[in-house]
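Engineer: Could you have a look at this structure, given as C-alpha cells, before my questions?
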Amino acid sequence: MQRGIVAAVCALVIAVYAHTAQSGYFVLSKPDPACEYYNLLVQGFRAGQLSLKKEVPPGLAQLTDPYDPSAHAPYHDVGDMSYYKGKLYIYFGVTPAVVLFWPYVALTGHYLSQKDAVVIFCLVGFLVSVGLLWALWRRYFAEVNVAVVAAGVLALGLATLVPLLLLRCGIWEVPISCGYALRMLAFGAIWGALHKTEERCWWLVAASVAYGLAVGARPSLLFGAVIVLVPVAQARRERRTVLAPLMAATIPMMLIGLGLMLYNALRFDSPFEFGGHYQLAAGWLLTRRFFSLRYLWFNFRVYFLEPARWSVCFPFVHKIAVPPLPAGYAWVETPFGILTNIPLVWLAAAVPLAWRGRLGSEASTLRWFAAAVAWLFVACALPLGFFMSAIVRYEVDFAPALVLLAVVGLLGLERALIRQPVWRRAARWGWGALLSFSVVFTLFASIGQYAGVQNNLGVALEQAGRVPEAIGHYEQALRLNPDYAEAHYNLGLALERAGRRQEAISHWEQALRLKPDYAEAHNNLGVALEQYGRLAEAIGHYEQALRINPDYAEAHYNLGLALGQTDRMPEAIGHYEQAVRIKPDFAEAHYNLGVALEKAGRVPEAIQHYKQALRIKPDFTQAQNALARLQAGQ
C-alpha cells in the first residue's frame with residue numbers, strides 16, 4: 001500500500017511533466033530532429049570533428065564583425081551557436097551529447113529530439129530524488145506516515161520549478177536538465193557511500209563520474225563538486241583509511257575535467273573558454289563581462305525575494321516587478337523569488353530536527369548527508385548570483401537541492417512531533433498550506449509561462465513565413481494571458497503582414513495601454529496610422545518612441561518621412577542623419593536623406609548618400625535612378 005501511494009503520486013507528477021513539455025523556440029524552423037543543435041554536434045563527432053556538422057552561411061563568413069547582433073540577425077539558422085575561426089560550435093555543455101544523444105542514434109539509427117531529451121533527464125532527476133526520499137524515510141523516519149512521504153514526492157516533483165523548465169524544451173534546457181539528472185545521481189551514489197562502507201570506493205567512483213559529467217553539462221556547477229568528498233570526510237572522522245576513498249572521489253572527476261579543458265583548447269584555443277564569448281546571440285558578448293560582484297544583490301533579489309504579482313485575472317500569476325538593472329547587466333527573463341513563491345523551502349530551517357535525539361553514527365550520517373545537500377544548494381546558487389542575467393530556467397540549478405533539504409526538514413518536524421498530536425496537527429496545517437501554495441504557484445506560473453511559449457512559437461512561425469499559423473499562436477497566448485503586451489504587439493505585426501491593418505492597430509493600441517513605454521509598438525502604430533492619413537497622430541507616436549529610446553534608428557527614419565510630407569524638411573534631414581549615424585548600413589535612410597538634401601539644394605551631399613545607399617544595397621533601383629539623374633545633370 002505504501003509503495004502504491006508513492007507510485008500514484010509519482011504517476012501524477014510524470015503526467016504533469018508529459019502534459020507540460022513543449023518544444024523550444026527554434027524547433028519549428030528545424031522540424032527534423034537531425035537539424036537540432038545537439039544532433040548536429042553528434043554528426044560532427046561521428047565525422048571526426050569537434051565543430052557542428054553544418055556549413056557556415058557564406059554571408060556570415062563575409063561579415064566584418066560577425067558578432068555584431070544587427071549584422072548576424074538575418075542568419076536565424078545559426079542563432080546562439082558559437083562562431084570561431086570559420087567553424088560553428090555550441091557553447092552548451094557537451095555531456096548531453098555523450099550520455100544520451102550519441103548513444104540513442106547509435107542504438108536506434110534515429111535522432112532524439114531535444115524535447116524528448118529534456119523530458120528524459122527531468123524524469124531521471126525526479127525519480128532518483130524520490131528514491132532518495134524513500135531511502136531516507138525507510139532508514140531514519142519509519143515512524144512518519146506515508147502520506148507525509150507522498151507530500152514530499154509532490155514537492156520534489158512540482159515545487160522545484162522543473163515544470164517551468166519543461167515548458168520550453170530547447171537547446172538551453174537540455175544541459176540544465178542533464179545537470180539536474182546527474183546531480184541527483186551523484187547524490188544517490190553519495191548516499192550509497194555513506195551507508196555501505198564496504199563498497200564506499202565504488203560508490204564514490206560513481207558519484208565522481210556523475211558529478212564530473214554534470215559539470216560537463218553545466219560548468220557553473222563546478223563548486224558543488226565538493227559534495228563528493230563528504231563520504232571521505234566521514235571516513236576520516238571514523239578513523240578509517242581515506243587514501244582509497246579520496247582517490248575514488250577525485251580521480252574520475254579530474255580526468256573528466258582534463259578532458260573538458262582539452263576539448264575547449266582544441267575548439268577555442270583556451271582550456272577555460274566554452275564558447276560563450278563567441279555566441280551569435282541577441283546581445284554583444286565578445287567583450288561583455290559575464291560575472292561581476294555588482295550583480296550579486298540584484299540576482300539575490302530576483303532569485304530569492306521578489307514575489308510574483310497576483311491578480312484576479314487568469315492565469316492569476318504574473319511576472320515579478322524587476323528592480324533597476326545594475327550597470328552592465330544583460331537581461332532578465334521571468335525569474336521568481338524562490339523564498340516568496342515556493343514557501344515550502346522555509347522548512348529547510350527545520351533540518352536539525354532530523355537528527356535531534358539520535359545517537360552515534362545515525363545522527364552523524366544524517367548530518368553529513370544534509371551538509372552535502374546544503375552545500376550543493378549554496379555552491380550552485382552562488383555563481384548565478386554573480387552572472388550577468390537572471391532566467392527562470394537557471395533556478396533549476398539550485399531549487400531541487402533546496403526543496404530536498406526542505407523535505408528532510410519536513411520529515412524531521414513530523415518525527416519531532418510524533419508524540420504531540422495537537423502540535424503535529426497544527427504543524428501539518430502549516431506545512432500543508434506551504435506545500436499547497438508552492439504547487440499552486442508552480443501550476444499557475446506554468447500557465448502564464450505557457451503563454452510566453454505560444455508567443456515565441458508564433459515568432460518562429462512568422463519568421464518561417466507561416467503567418468496564419470503564427471496568428472493562431474499569438475491568439476492562444478492572449479487567451480491564456482489577455483494582458484500580455486508582447487503578444488499583442490507581435491499579433492499586430494502578423495495581422496499587418498496578413499493585410500488586416502485595422503485589427504493590427506487595435507492590438508498595438510492594446511499593447512500600449514498595457515505597456516506605455518513600448519517603443520516598438522509606438523513606431524509600428526505610427527506607420528499604420530500614417531497609411532490611413534492620420535499624419536499628426538503618427539508623428540506623435542514616432543516622437544514618443546524616440547523619447548523612450550533616442551537611439552531607435554527606424555523611428556528616426558519614419559519620423560523623417562512623416563516630417564518630409566509636412567514640408568518640415570530641415571527637421572526631416574536631422575532625423576535621417578540620426579538614423580544613419582545610429583545604423584550606418586541603413587540603405588533606405590541614406591536614400592531618403594539624399595532626396596531631402598536634393599530638395600534643400602545640397603546636391604553634392606545628396607550624391608554621396610545615394611552612393612552610400614548603393615554600396616549597401618547594389619540593386620536599389622530608386623537610388624540608381626536618382627544618382628544617374630543627378631550625374632546626368634552635372
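In the C-alpha cells, chains take the letters A, B, ... in the order shown, each chain's residues start at 1, and ligands count up from 1 in the order shown.
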If you count only C-alpha atoms, which residues fall within 10 Å of range 504-510 of chain A, apart from same-chain ones fewer than 6 positions away, as a list of chain:residue names?

Structural biologist: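 Answer for this query is A:Pro482, A:Asp483, A:Tyr484, A:Ala485, A:Glu486, A:Ala487, A:His488, A:Tyr489, A:Asn490, A:Leu491, A:Gly492, A:Leu493, A:Ala494, A:Leu495, A:Glu496, A:Arg497, A:Ala498, A:Pro516, A:Tyr518, A:Glu520, A:Ala521, A:His522, A:Asn523, A:Asn524, A:Leu525, A:Gly526, A:Val527, A:Ala528, A:Leu529.
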
Engineer: For the residues selected in the previous step, produce a file with C-alpha atoms as a PDB file, in the first residue's frame.

Structural biologist:
```
ATOM      1  CA  PRO A 482      -5.025  38.769 -22.021  1.00  0.00           C
ATOM      2  CA  ASP A 483      -2.597  41.314 -20.514  1.00  0.00           C
ATOM      3  CA  TYR A 484       0.423  40.072 -22.480  1.00  0.00           C
ATOM      4  CA  ALA A 485       1.710  43.238 -24.159  1.00  0.00           C
ATOM      5  CA  GLU A 486       4.367  41.499 -26.290  1.00  0.00           C
ATOM      6  CA  ALA A 487       1.795  39.059 -27.694  1.00  0.00           C
ATOM      7  CA  HIS A 488      -0.488  41.975 -28.632  1.00  0.00           C
ATOM      8  CA  TYR A 489       2.459  43.648 -30.365  1.00  0.00           C
ATOM      9  CA  ASN A 490       3.507  40.502 -32.252  1.00  0.00           C
ATOM     10  CA  LEU A 491      -0.076  39.737 -33.243  1.00  0.00           C
ATOM     11  CA  GLY A 492      -0.279  43.258 -34.649  1.00  0.00           C
ATOM     12  CA  LEU A 493       2.812  42.601 -36.785  1.00  0.00           C
ATOM     13  CA  ALA A 494       1.361  39.350 -38.117  1.00  0.00           C
ATOM     14  CA  LEU A 495      -2.041  40.911 -38.852  1.00  0.00           C
ATOM     15  CA  GLU A 496      -0.317  43.752 -40.699  1.00  0.00           C
ATOM     16  CA  ARG A 497       1.526  41.192 -42.833  1.00  0.00           C
ATOM     17  CA  ALA A 498      -1.797  39.475 -43.499  1.00  0.00           C
ATOM     18  CA  PRO A 516       3.067  52.658 -22.320  1.00  0.00           C
ATOM     19  CA  TYR A 518       6.789  50.125 -25.589  1.00  0.00           C
ATOM     20  CA  GLU A 520       8.408  49.385 -30.959  1.00  0.00           C
ATOM     21  CA  ALA A 521       4.626  49.460 -30.574  1.00  0.00           C
ATOM     22  CA  HIS A 522       4.624  53.282 -30.839  1.00  0.00           C
ATOM     23  CA  ASN A 523       6.721  53.079 -34.005  1.00  0.00           C
ATOM     24  CA  ASN A 524       4.597  50.447 -35.741  1.00  0.00           C
ATOM     25  CA  LEU A 525       1.356  52.107 -34.706  1.00  0.00           C
ATOM     26  CA  GLY A 526       2.697  55.322 -36.219  1.00  0.00           C
ATOM     27  CA  VAL A 527       3.407  53.569 -39.539  1.00  0.00           C
ATOM     28  CA  ALA A 528      -0.104  52.092 -39.633  1.00  0.00           C
ATOM     29  CA  LEU A 529      -1.791  55.418 -38.768  1.00  0.00           C
TER      30      LEU A 529
END
```

Engineer: Which residues are close to range 332-335 of chain A, i.e. within 9 Å by only C-alpha atoms, leaving aside same-chain residues fewer than 5 positions away? Reply as a list in words.

Structural biologist: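 Selected residues are Val302, Tyr303, Glu306, Lys319, Ile320, Val322, Leu325, Ser389, Ala390, Ile391, Val392, Arg393, Tyr394, Glu395 and Gln449 of chain A.
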
Engineer: Kindly give the distance, in Å, that separates CA of Leu60 in chain A and CA of His72 in chain A, rounded to a single decimal.

Structural biologist: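 Taking CA of Leu60 in chain A and CA of His72 in chain A, their separation equals 6.6 Å.
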
Engineer: Using only C-alpha atoms for the distances, tell me which of A:Leu347, A:Ile120, A:Met81, A:Ala135 is nearest to Leu41 in chain A.

Structural biologist: A:Met81
